[in-house]
Every structure is written in structure tokens, then in C-alpha cells.
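A short write-up of the structure that comes next.
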Amino acid sequence: MVTLQLRQIRVPPGQRIILVDVSWQVFEAIISELGEHRGSRVAYSQGTLEIMAPLPEHERSKVIIGDLVKALLDELDLNWESLGSTTFKRKDMSAGIEPDDCFYIQNYKLMIGKDRIDLTVDPPPDLAIEIDVTSKTQISAYQALKVPEIWRYESKNLEISLLQGEQYEKSLISPTFPTFSITELIPRFVEMARTTGMSSALRAFRQSIREQI
């Protein structure tokens, strides 16, 4: 058997590595060794571990979509707590995930001031955001943790997936923002941010929302 140390593994930007037959104890040890301040993200489900390294354009999309969601929540006078790419995990479900971004909206009160998340007692995020294609491992982890709503952005398109029972189903409507065409609004202003800049796109987005309220 060949044994490698984690520091020997390099994941190029835009790529991922998949490790199989990874125990929960090893998964937690890897999370601990990787630390909190890193560019990579992980997903774990039933012994399969993915380590992903996003591209710069991935991070740009993540930031602007997160800012658009915050602007929309503010314009609607909705309270929220954002936990970014926090590691969410449950040993009893053998699942762990780090979304690109996530929000507590319906359950925001329960998260105020929380520094540690225990999904055996705390709820999962109400909304998770993923940039690019979400892999089978990631979807399985989200299913196990029962995250009710996922937005997946790829190639200028936004897809909304809602947890229905044990499976995710595509939806044209976000139950969090039912009166807005999210699948049209978000991609349009993400592209505007690429051409006119983030600040001007956010101002235009806020004005658009005010006109629809």
C-alpha cells in the first residue's frame, strides 16, 4: 500500500480529485489538516471524498451572486444570516459539504451569533449556492443533510433545485422569492457585473427590484 501525505497532493484550479473508501475519521482529519483558510472545498458522501479547487471566474460569480441575494433580501426587508462556505457535516448521515455560499432566511434567528454548527440539533441552510456543475457526491451530501433549496449557476444559467422527499427536483420558482423570476434576474445581473462592474450592477439590480415591489 502506498501512503501519501495531504501536503503532497496538489489540485490545479478548476480541477478536482476523488478519493474513495474514506472513513469518517479520515474525512475529519483531512478537514482539520486543510484548515479554514484555503482555496479548496470538499464534499463527502458515504465514503467518497472530493477536493475541488475553483477557478478565479468561479469565485467572481460566487461573490456577485451572493451580493445579489443579500441586496434582494435587504430590499424585501427580510432578515438573514450568511455562513458562506462553512463546512456542514453529520456523522450519522456520513455526509459533509461546503457550499460556495449559503443563507439562513426562514431559520435566521437560530443562527444569530452561532460559531459552531451541529446539524443534529441545528437546521441546515435554507438556501445553498453552487457555481458550476454539482457532482453526484455533492448532491448526495445535500440530500443527506436535507438542504431544502439549491441554486446552481453554470454557463450563464441558473437552475433552482428543491428537495422533494429524498430527491431534488428542478423548479422555475424559488419558494424563498416566489414573486421574482430568479432564473432570469440573477444571470442577467451577473453578466452585467462582468461588463459594467459589480457596483454598478448591484445598483441597477436594486433599482430593478424596487420597481417590482
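Letters A, B, ... mark the chains of the C-alpha cells in the order given; residue numbers begin at 1 per chain; ligand numbers begin at 1, in order shown.
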Excluding Ile213 of chain A and its own-chain neighbours fewer than 4 positions away, which residues fall within 12 Å of it when counting only C-alpha atoms? Please give them as an mmCIF file with N, CA, C and O atoms, in the first residue's frame.
```cif
data_model
loop_
_atom_site.group_PDB
_atom_site.id
_atom_site.type_symbol
_atom_site.label_atom_id
_atom_site.label_comp_id
_atom_site.auth_asym_id
_atom_site.auth_seq_id
_atom_site.Cartn_x
_atom_site.Cartn_y
_atom_site.Cartn_z
ATOM 1 N N LEU A 72 -31.233 41.587 -2.593
ATOM 2 C CA LEU A 72 -32.644 41.234 -2.724
ATOM 3 C C LEU A 72 -33.289 41.070 -1.357
ATOM 4 O O LEU A 72 -34.396 41.572 -1.108
ATOM 5 N N GLU A 75 -33.757 44.560 0.148
ATOM 6 C CA GLU A 75 -34.830 45.327 -0.482
ATOM 7 C C GLU A 75 -36.208 44.798 -0.065
ATOM 8 O O GLU A 75 -37.174 45.558 -0.011
ATOM 9 N N LEU A 76 -36.280 43.497 0.230
ATOM 10 C CA LEU A 76 -37.541 42.901 0.679
ATOM 11 C C LEU A 76 -37.710 42.990 2.190
ATOM 12 O O LEU A 76 -38.695 42.489 2.740
ATOM 13 N N ASP A 77 -36.730 43.624 2.845
ATOM 14 C CA ASP A 77 -36.758 43.781 4.302
ATOM 15 C C ASP A 77 -36.842 42.426 5.007
ATOM 16 O O ASP A 77 -37.550 42.269 6.000
ATOM 17 N N PHE A 177 -38.196 33.402 -2.860
ATOM 18 C CA PHE A 177 -38.547 34.643 -3.564
ATOM 19 C C PHE A 177 -39.600 34.328 -4.631
ATOM 20 O O PHE A 177 -39.325 34.450 -5.839
ATOM 21 N N THR A 179 -42.184 35.705 -5.941
ATOM 22 C CA THR A 179 -42.741 36.696 -6.869
ATOM 23 C C THR A 179 -41.714 37.215 -7.878
ATOM 24 O O THR A 179 -42.027 38.091 -8.688
ATOM 25 N N PHE A 180 -40.497 36.653 -7.844
ATOM 26 C CA PHE A 180 -39.444 37.114 -8.748
ATOM 27 C C PHE A 180 -38.994 35.981 -9.662
ATOM 28 O O PHE A 180 -38.938 34.813 -9.251
ATOM 29 N N ARG A 206 -30.749 46.643 -7.568
ATOM 30 C CA ARG A 206 -31.610 47.184 -6.517
ATOM 31 C C ARG A 206 -32.740 48.021 -7.106
ATOM 32 O O ARG A 206 -33.891 47.925 -6.659
ATOM 33 N N GLN A 207 -32.413 48.830 -8.109
ATOM 34 C CA GLN A 207 -33.450 49.640 -8.749
ATOM 35 C C GLN A 207 -34.492 48.755 -9.416
ATOM 36 O O GLN A 207 -35.694 49.029 -9.338
ATOM 37 N N SER A 208 -34.049 47.704 -10.066
ATOM 38 C CA SER A 208 -34.978 46.762 -10.717
ATOM 39 C C SER A 208 -35.915 46.120 -9.714
ATOM 40 O O SER A 208 -37.121 45.988 -9.952
ATOM 41 N N ILE A 209 -35.360 45.731 -8.560
ATOM 42 C CA ILE A 209 -36.182 45.103 -7.504
ATOM 43 C C ILE A 209 -37.204 46.099 -6.969
ATOM 44 O O ILE A 209 -38.391 45.769 -6.789
#
```
* Mind checking which residues fall within 8 Å of segment 81-95 of chain A, counting only C-alpha atoms, ignoring those fewer than 5 positions away in the same chain, and posting them as a PyMOL selection string? => chain A and resi 24+43-47+100-105+108+111-112+117-120+124+140-141+144-145
* Asked: Can you list, as number ranges by chain, every residue of segment 4-147 of chain A that DSSP puts in alpha helix (DSSP H)?
  -> A: 24-34, 56-75, 108-111, 136-145
* Please run DSSP on the backbone and report, as a PyMOL selection string, all residues within chain A that come out as strand (DSSP E or B). => chain A and resi 16-19+41-45+48-52+81-82+88-90+95-97+101-104+127-131+149-154+157-164+167-171
* Measure the distance from atom CA of Ile150 of chain A to atom CA of Glu57 of chain A in Å and round it to one decimal. =>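 It comes out at 19.9 Å.
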